[in-house]
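Listing of run.pdb; format and content: PDB, C-alpha atoms, pLDDT in the B column.
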```
ATOM      1  CA  MET A   1      49.592-153.777  -6.030  1.00 74.00           C
ATOM      2  CA  PRO A   2      47.809-156.093  -8.486  1.00 86.00           C
ATOM      3  CA  ALA A   3      44.617-157.864  -7.512  1.00 93.00           C
ATOM      4  CA  PRO A   4      44.864-161.553  -6.580  1.00 97.00           C
ATOM      5  CA  THR A   5      44.632-163.957  -9.527  1.00 97.00           C
ATOM      6  CA  ARG A   6      42.508-167.107  -9.278  1.00 97.00           C
ATOM      7  CA  VAL A   7      44.205-170.266 -10.553  1.00 97.00           C
ATOM      8  CA  ILE A   8      41.574-172.545 -12.058  1.00 96.00           C
ATOM      9  CA  PRO A   9      42.853-175.363 -14.271  1.00 95.00           C
ATOM     10  CA  PRO A  10      40.192-176.331 -16.844  1.00 93.00           C
ATOM     11  CA  ALA A  11      39.813-179.727 -15.141  1.00 90.00           C
ATOM     12  CA  LEU A  12      38.693-177.937 -11.958  1.00 91.00           C
ATOM     13  CA  GLN A  13      36.399-175.295 -13.430  1.00 92.00           C
ATOM     14  CA  SER A  14      33.358-177.204 -12.166  1.00 88.00           C
ATOM     15  CA  THR A  15      34.880-177.244  -8.671  1.00 85.00           C
ATOM     16  CA  TYR A  16      35.147-173.459  -8.802  1.00 92.00           C
ATOM     17  CA  ASP A  17      31.623-173.086 -10.201  1.00 92.00           C
ATOM     18  CA  ASN A  18      29.874-175.639  -7.965  1.00 87.00           C
ATOM     19  CA  TRP A  19      31.809-175.420  -4.706  1.00 87.00           C
ATOM     20  CA  HIS A  20      32.680-171.700  -4.862  1.00 92.00           C
ATOM     21  CA  PHE A  21      36.400-171.813  -4.117  1.00 93.00           C
ATOM     22  CA  ALA A  22      39.522-171.475  -6.225  1.00 96.00           C
ATOM     23  CA  PRO A  23      42.012-174.348  -6.353  1.00 97.00           C
ATOM     24  CA  ALA A  24      44.707-171.685  -5.831  1.00 98.00           C
ATOM     25  CA  VAL A  25      45.149-167.919  -5.652  1.00 98.00           C
ATOM     26  CA  ILE A  26      48.235-165.930  -6.631  1.00 98.00           C
ATOM     27  CA  SER A  27      48.849-162.909  -4.412  1.00 98.00           C
ATOM     28  CA  ASP A  28      51.939-160.907  -3.470  1.00 96.00           C
ATOM     29  CA  GLY A  29      54.381-163.282  -5.178  1.00 97.00           C
ATOM     30  CA  HIS A  30      52.952-166.451  -3.661  1.00 98.00           C
ATOM     31  CA  ILE A  31      50.548-169.192  -4.739  1.00 98.00           C
ATOM     32  CA  PHE A  32      48.109-170.207  -2.010  1.00 98.00           C
ATOM     33  CA  CYS A  33      46.697-173.659  -2.770  1.00 98.00           C
ATOM     34  CA  SER A  34      43.415-174.932  -1.349  1.00 97.00           C
ATOM     35  CA  GLY A  35      43.278-178.271   0.429  1.00 97.00           C
ATOM     36  CA  ILE A  36      43.586-181.386  -1.734  1.00 96.00           C
ATOM     37  CA  ILE A  37      42.576-184.976  -0.996  1.00 96.00           C
ATOM     38  CA  GLY A  38      43.473-187.828  -3.342  1.00 95.00           C
ATOM     39  CA  THR A  39      40.126-188.723  -4.929  1.00 92.00           C
ATOM     40  CA  SER A  40      38.758-190.832  -7.742  1.00 89.00           C
ATOM     41  CA  PRO A  41      35.274-191.831  -8.881  1.00 84.00           C
ATOM     42  CA  ASP A  42      35.795-195.498  -7.998  1.00 87.00           C
ATOM     43  CA  GLY A  43      38.275-195.489  -5.111  1.00 89.00           C
ATOM     44  CA  GLU A  44      41.103-196.717  -7.325  1.00 89.00           C
ATOM     45  CA  ARG A  45      44.168-194.657  -8.135  1.00 91.00           C
ATOM     46  CA  PRO A  46      43.402-192.661 -11.317  1.00 88.00           C
ATOM     47  CA  ALA A  47      45.113-194.099 -14.398  1.00 83.00           C
ATOM     48  CA  ALA A  48      46.292-190.632 -15.426  1.00 80.00           C
ATOM     49  CA  SER A  49      48.246-188.454 -13.041  1.00 76.00           C
ATOM     50  CA  GLY A  50      47.553-184.829 -12.344  1.00 81.00           C
ATOM     51  CA  LEU A  51      43.948-183.772 -11.944  1.00 86.00           C
ATOM     52  CA  ALA A  52      42.236-186.873 -13.362  1.00 80.00           C
ATOM     53  CA  GLY A  53      40.807-187.975 -10.012  1.00 77.00           C
ATOM     54  CA  ALA A  54      39.772-184.486  -8.949  1.00 77.00           C
ATOM     55  CA  GLU A  55      38.189-183.754 -12.312  1.00 74.00           C
ATOM     56  CA  ALA A  56      36.205-186.987 -12.350  1.00 69.00           C
ATOM     57  CA  THR A  57      34.799-186.406  -8.879  1.00 64.00           C
ATOM     58  CA  ALA A  58      34.293-182.639  -9.282  1.00 63.00           C
ATOM     59  CA  THR A  59      32.004-182.898 -12.298  1.00 59.00           C
ATOM     60  CA  SER A  60      29.308-184.913 -10.569  1.00 54.00           C
ATOM     61  CA  ASP A  61      26.117-183.061  -9.741  1.00 56.00           C
ATOM     62  CA  THR A  62      25.465-185.242  -6.680  1.00 54.00           C
ATOM     63  CA  GLY A  63      27.807-183.217  -4.488  1.00 59.00           C
ATOM     64  CA  ILE A  64      29.781-184.664  -1.618  1.00 60.00           C
ATOM     65  CA  ALA A  65      28.134-188.075  -2.021  1.00 62.00           C
ATOM     66  CA  ALA A  66      29.993-188.495  -5.322  1.00 68.00           C
ATOM     67  CA  LEU A  67      33.390-187.849  -3.771  1.00 76.00           C
ATOM     68  CA  GLN A  68      35.468-190.839  -2.857  1.00 88.00           C
ATOM     69  CA  ALA A  69      39.014-191.012  -1.608  1.00 94.00           C
ATOM     70  CA  VAL A  70      41.443-193.422  -3.225  1.00 96.00           C
ATOM     71  CA  ARG A  71      41.244-196.484  -0.964  1.00 96.00           C
ATOM     72  CA  ASP A  72      44.935-197.420  -0.821  1.00 97.00           C
ATOM     73  CA  PRO A  73      46.517-194.925   1.599  1.00 98.00           C
ATOM     74  CA  GLU A  74      49.821-194.431  -0.214  1.00 97.00           C
ATOM     75  CA  ALA A  75      48.076-194.147  -3.582  1.00 97.00           C
ATOM     76  CA  GLN A  76      45.683-191.601  -2.027  1.00 97.00           C
ATOM     77  CA  PHE A  77      48.643-189.507  -0.865  1.00 98.00           C
ATOM     78  CA  ASP A  78      50.362-189.795  -4.267  1.00 97.00           C
ATOM     79  CA  THR A  79      47.138-188.721  -6.004  1.00 96.00           C
ATOM     80  CA  ALA A  80      46.935-185.608  -3.812  1.00 97.00           C
ATOM     81  CA  PHE A  81      50.562-184.640  -4.505  1.00 97.00           C
ATOM     82  CA  GLU A  82      50.024-185.161  -8.253  1.00 96.00           C
ATOM     83  CA  ALA A  83      46.967-182.899  -8.135  1.00 96.00           C
ATOM     84  CA  LEU A  84      48.964-180.264  -6.252  1.00 98.00           C
ATOM     85  CA  ALA A  85      51.724-180.486  -8.872  1.00 97.00           C
ATOM     86  CA  ALA A  86      49.172-180.013 -11.666  1.00 96.00           C
ATOM     87  CA  ILE A  87      47.610-176.958  -9.994  1.00 97.00           C
ATOM     88  CA  LEU A  88      51.036-175.419  -9.444  1.00 98.00           C
ATOM     89  CA  ALA A  89      51.978-176.137 -13.069  1.00 97.00           C
ATOM     90  CA  HIS A  90      48.869-174.271 -14.204  1.00 97.00           C
ATOM     91  CA  ALA A  91      50.137-171.323 -12.121  1.00 97.00           C
ATOM     92  CA  GLY A  92      53.602-171.572 -13.714  1.00 97.00           C
ATOM     93  CA  ALA A  93      55.271-173.204 -10.710  1.00 98.00           C
ATOM     94  CA  SER A  94      56.275-176.663  -9.522  1.00 98.00           C
ATOM     95  CA  LEU A  95      56.558-178.643  -6.314  1.00 98.00           C
ATOM     96  CA  SER A  96      60.114-177.307  -5.936  1.00 98.00           C
ATOM     97  CA  ASP A  97      58.574-173.846  -5.425  1.00 98.00           C
ATOM     98  CA  VAL A  98      56.596-174.940  -2.343  1.00 98.00           C
ATOM     99  CA  VAL A  99      57.730-172.967   0.711  1.00 98.00           C
ATOM    100  CA  GLU A 100      55.116-174.189   3.189  1.00 98.00           C
ATOM    101  CA  LEU A 101      53.216-177.465   3.386  1.00 98.00           C
ATOM    102  CA  THR A 102      50.400-178.162   5.840  1.00 98.00           C
ATOM    103  CA  THR A 103      48.911-181.644   6.058  1.00 98.00           C
ATOM    104  CA  TYR A 104      45.815-182.760   7.953  1.00 98.00           C
ATOM    105  CA  HIS A 105      45.732-186.438   8.913  1.00 98.00           C
ATOM    106  CA  VAL A 106      43.032-188.839  10.071  1.00 98.00           C
ATOM    107  CA  ASP A 107      44.672-191.580  12.191  1.00 96.00           C
ATOM    108  CA  MET A 108      48.082-190.013  11.704  1.00 96.00           C
ATOM    109  CA  ALA A 109      50.068-192.700  13.512  1.00 96.00           C
ATOM    110  CA  ALA A 110      48.668-195.504  11.366  1.00 97.00           C
ATOM    111  CA  HIS A 111      49.501-193.827   8.047  1.00 97.00           C
ATOM    112  CA  MET A 112      52.534-191.615   8.690  1.00 98.00           C
ATOM    113  CA  ALA A 113      55.066-194.085   7.268  1.00 98.00           C
ATOM    114  CA  ALA A 114      53.116-194.358   3.994  1.00 98.00           C
ATOM    115  CA  PHE A 115      52.611-190.603   3.907  1.00 98.00           C
ATOM    116  CA  THR A 116      56.317-189.957   4.445  1.00 98.00           C
ATOM    117  CA  ARG A 117      57.235-192.298   1.571  1.00 98.00           C
ATOM    118  CA  SER A 118      54.794-190.466  -0.681  1.00 98.00           C
ATOM    119  CA  LYS A 119      55.923-186.998   0.415  1.00 98.00           C
ATOM    120  CA  ASP A 120      59.550-187.918  -0.178  1.00 98.00           C
ATOM    121  CA  ARG A 121      58.742-188.966  -3.766  1.00 98.00           C
ATOM    122  CA  TYR A 122      57.286-185.532  -4.533  1.00 98.00           C
ATOM    123  CA  ILE A 123      58.992-183.023  -2.210  1.00 98.00           C
ATOM    124  CA  ALA A 124      62.783-182.791  -2.566  1.00 97.00           C
ATOM    125  CA  ALA A 125      65.473-180.779  -0.810  1.00 97.00           C
ATOM    126  CA  PRO A 126      65.638-177.970  -0.042  1.00 97.00           C
ATOM    127  CA  TYR A 127      62.542-178.862   1.960  1.00 98.00           C
ATOM    128  CA  PRO A 128      59.691-176.457   2.716  1.00 98.00           C
ATOM    129  CA  ALA A 129      58.345-175.678   6.163  1.00 98.00           C
ATOM    130  CA  TRP A 130      55.872-178.440   7.094  1.00 98.00           C
ATOM    131  CA  THR A 131      53.189-178.788   9.737  1.00 98.00           C
ATOM    132  CA  ALA A 132      51.235-182.040  10.226  1.00 98.00           C
ATOM    133  CA  ILE A 133      47.942-181.805  12.118  1.00 98.00           C
ATOM    134  CA  GLY A 134      45.766-184.673  13.354  1.00 98.00           C
ATOM    135  CA  VAL A 135      42.027-184.297  12.705  1.00 98.00           C
ATOM    136  CA  ALA A 136      38.910-186.389  13.375  1.00 97.00           C
ATOM    137  CA  GLU A 137      37.663-186.472   9.778  1.00 96.00           C
ATOM    138  CA  LEU A 138      37.901-184.837   6.360  1.00 95.00           C
ATOM    139  CA  LEU A 139      35.204-183.721   3.909  1.00 91.00           C
ATOM    140  CA  VAL A 140      35.735-186.624   1.504  1.00 91.00           C
ATOM    141  CA  PRO A 141      34.589-190.034   2.767  1.00 90.00           C
ATOM    142  CA  GLY A 142      37.627-192.246   3.275  1.00 94.00           C
ATOM    143  CA  GLY A 143      40.020-189.277   3.142  1.00 96.00           C
ATOM    144  CA  LEU A 144      43.083-189.925   5.264  1.00 98.00           C
ATOM    145  CA  MET A 145      45.087-186.779   4.461  1.00 98.00           C
ATOM    146  CA  GLU A 146      44.422-183.348   3.038  1.00 98.00           C
ATOM    147  CA  LEU A 147      47.302-181.172   2.004  1.00 97.00           C
ATOM    148  CA  ARG A 148      47.541-177.459   1.345  1.00 98.00           C
ATOM    149  CA  ALA A 149      50.561-175.536   0.242  1.00 98.00           C
ATOM    150  CA  VAL A 150      52.015-172.111  -0.285  1.00 98.00           C
ATOM    151  CA  ALA A 151      54.497-171.760  -3.133  1.00 98.00           C
ATOM    152  CA  ARG A 152      56.537-168.871  -4.413  1.00 98.00           C
ATOM    153  CA  VAL A 153      55.873-167.539  -7.874  1.00 97.00           C
ATOM    154  CA  PRO A 154      59.019-168.353  -9.875  1.00 94.00           C
ATOM    155  CA  SER A 155      60.867-165.333 -11.180  1.00 85.00           C
TER     156      SER A 155
END
```

What's the structure tokens form of this structure?
Amino acid sequence: MPAPTRVIPPALQSTYDNWHFAPAVISDGHIFCSGIIGTSPDGERPAASGLAGAEATATSDTGIAALQAVRDPEAQFDTAFEALAAILAHAGASLSDVVELTTYHVDMAAHMAAFTRSKDRYIAAPYPAWTAIGVAELLVPGGLMELRAVARVPS
């Protein structure tokens, strides 16, 4: 059996180097993605989709203090899904390959409608398994939702 492969898009190399975790790992035909929060350096939705927000906040040498979630809840959720899509693309997959989605929510009731709108823009039928978990807080200040996913490696 081959060894697991780390998935590190160039935009997230500093995350791997500084924070000591891989954005995703391919093992046994699946892609295991680390948690993702929609971030940007200024709290606004990044102008470019994909990893623009994560890259901008990951390259700072000030650590967690430099991280900032996108302030608008729905834009924060969209930014996280776009980052997930970019990581999966780097692994040769897409959001349609997601088989399991786990989301962690701060104040779930207040933001679930906005989250559901965002999720439905990015995750289409046939839908993956999904678990939503309420939590007290996330690592990134202002983070309302962190998502992690498992995807199949396309054949």

*Apply the PyMOL selection byres ((chain A and resi 6-20) around 7) to the displayed file and report the matching residues as a PyMOL selection string.*
chain A and resi 4-5+21-26+51+55+58-59+87+90-91

*Find the spatial neighbours of A:Gln76, counting only C-alpha atoms, within a cut-off of 12 Å - ignore same-chain residues fewer than 3 positions away - and output them as number ranges by chain.*
A: 36-40, 43-46, 49, 53-54, 68-73, 79-83, 111, 114-115, 118-119, 140, 142-147

Residue contacts of stretch 134-137 of chain A (8 Å, only C-alpha atoms) excluding same-chain residues fewer than 3 positions away, as an mmCIF file with C-alpha atoms, in the frame of the given file:
```
data_model
loop_
_atom_site.group_PDB
_atom_site.id
_atom_site.type_symbol
_atom_site.label_atom_id
_atom_site.label_comp_id
_atom_site.auth_asym_id
_atom_site.auth_seq_id
_atom_site.Cartn_x
_atom_site.Cartn_y
_atom_site.Cartn_z
ATOM 1 C CA TYR A 104 45.815 -182.760 7.953
ATOM 2 C CA HIS A 105 45.732 -186.438 8.913
ATOM 3 C CA VAL A 106 43.032 -188.839 10.071
ATOM 4 C CA ASP A 107 44.672 -191.580 12.191
ATOM 5 C CA MET A 108 48.082 -190.013 11.704
ATOM 6 C CA GLY A 143 40.020 -189.277 3.142
ATOM 7 C CA LEU A 144 43.083 -189.925 5.264
#
```

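Close contacts of A:Gly29, defined as residues with an atom at most 10 Å away when counting all atoms listed in the file, with chain neighbours fewer than 5 positions off set aside, comprise Pro4, Ala151, Arg152, Val153, Pro154 and Ser155 of chain A.
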
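The closest residue to A:Val150, picked from A:Ile123, A:Glu100, A:Met1, A:Ala110 and counting all atoms listed in the file, is A:Glu100.
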
*atom CA of A:Gly35 and atom CA of A:Thr102, how far apart in Å?*
8.9 Å

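Note that atom CA of A:Val99 and atom CA of A:Leu139 are 25.2 Å apart.
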
Centre, edges in Å (one decimal): axis-aligned box, stretch 24-37 of chain A, 8 Å padding on all six sides, as AutoDock Vina command-line options:
```
--center_x 48.5 --center_y -172.9 --center_z -3.1 --size_x 27.8 --size_y 40.1 --size_z 23.1
```

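Among A:Pro128, A:Ala89, A:Phe77, A:Arg148, the residue with the shortest atom-to-atom distance to A:Thr103, counting all atoms listed in the file, is A:Arg148.
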
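We find atom CA of A:His30 and atom CA of A:Arg117 to be spaced 26.7 Å apart.
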
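The smallest atom-to-atom distance between A:Gly92 and any of A:Arg121, A:Ala75, A:Gly50, A:Ile31, using all atoms listed in the file, is found for A:Ile31.
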
_Can you spell out as a VMD selection string the set of residues that the PyMOL selection byres ((chain A and resi 131) around 8) selects in the structure I just provided?_
chain A and resid 101 to 103 129 to 130 132 to 133
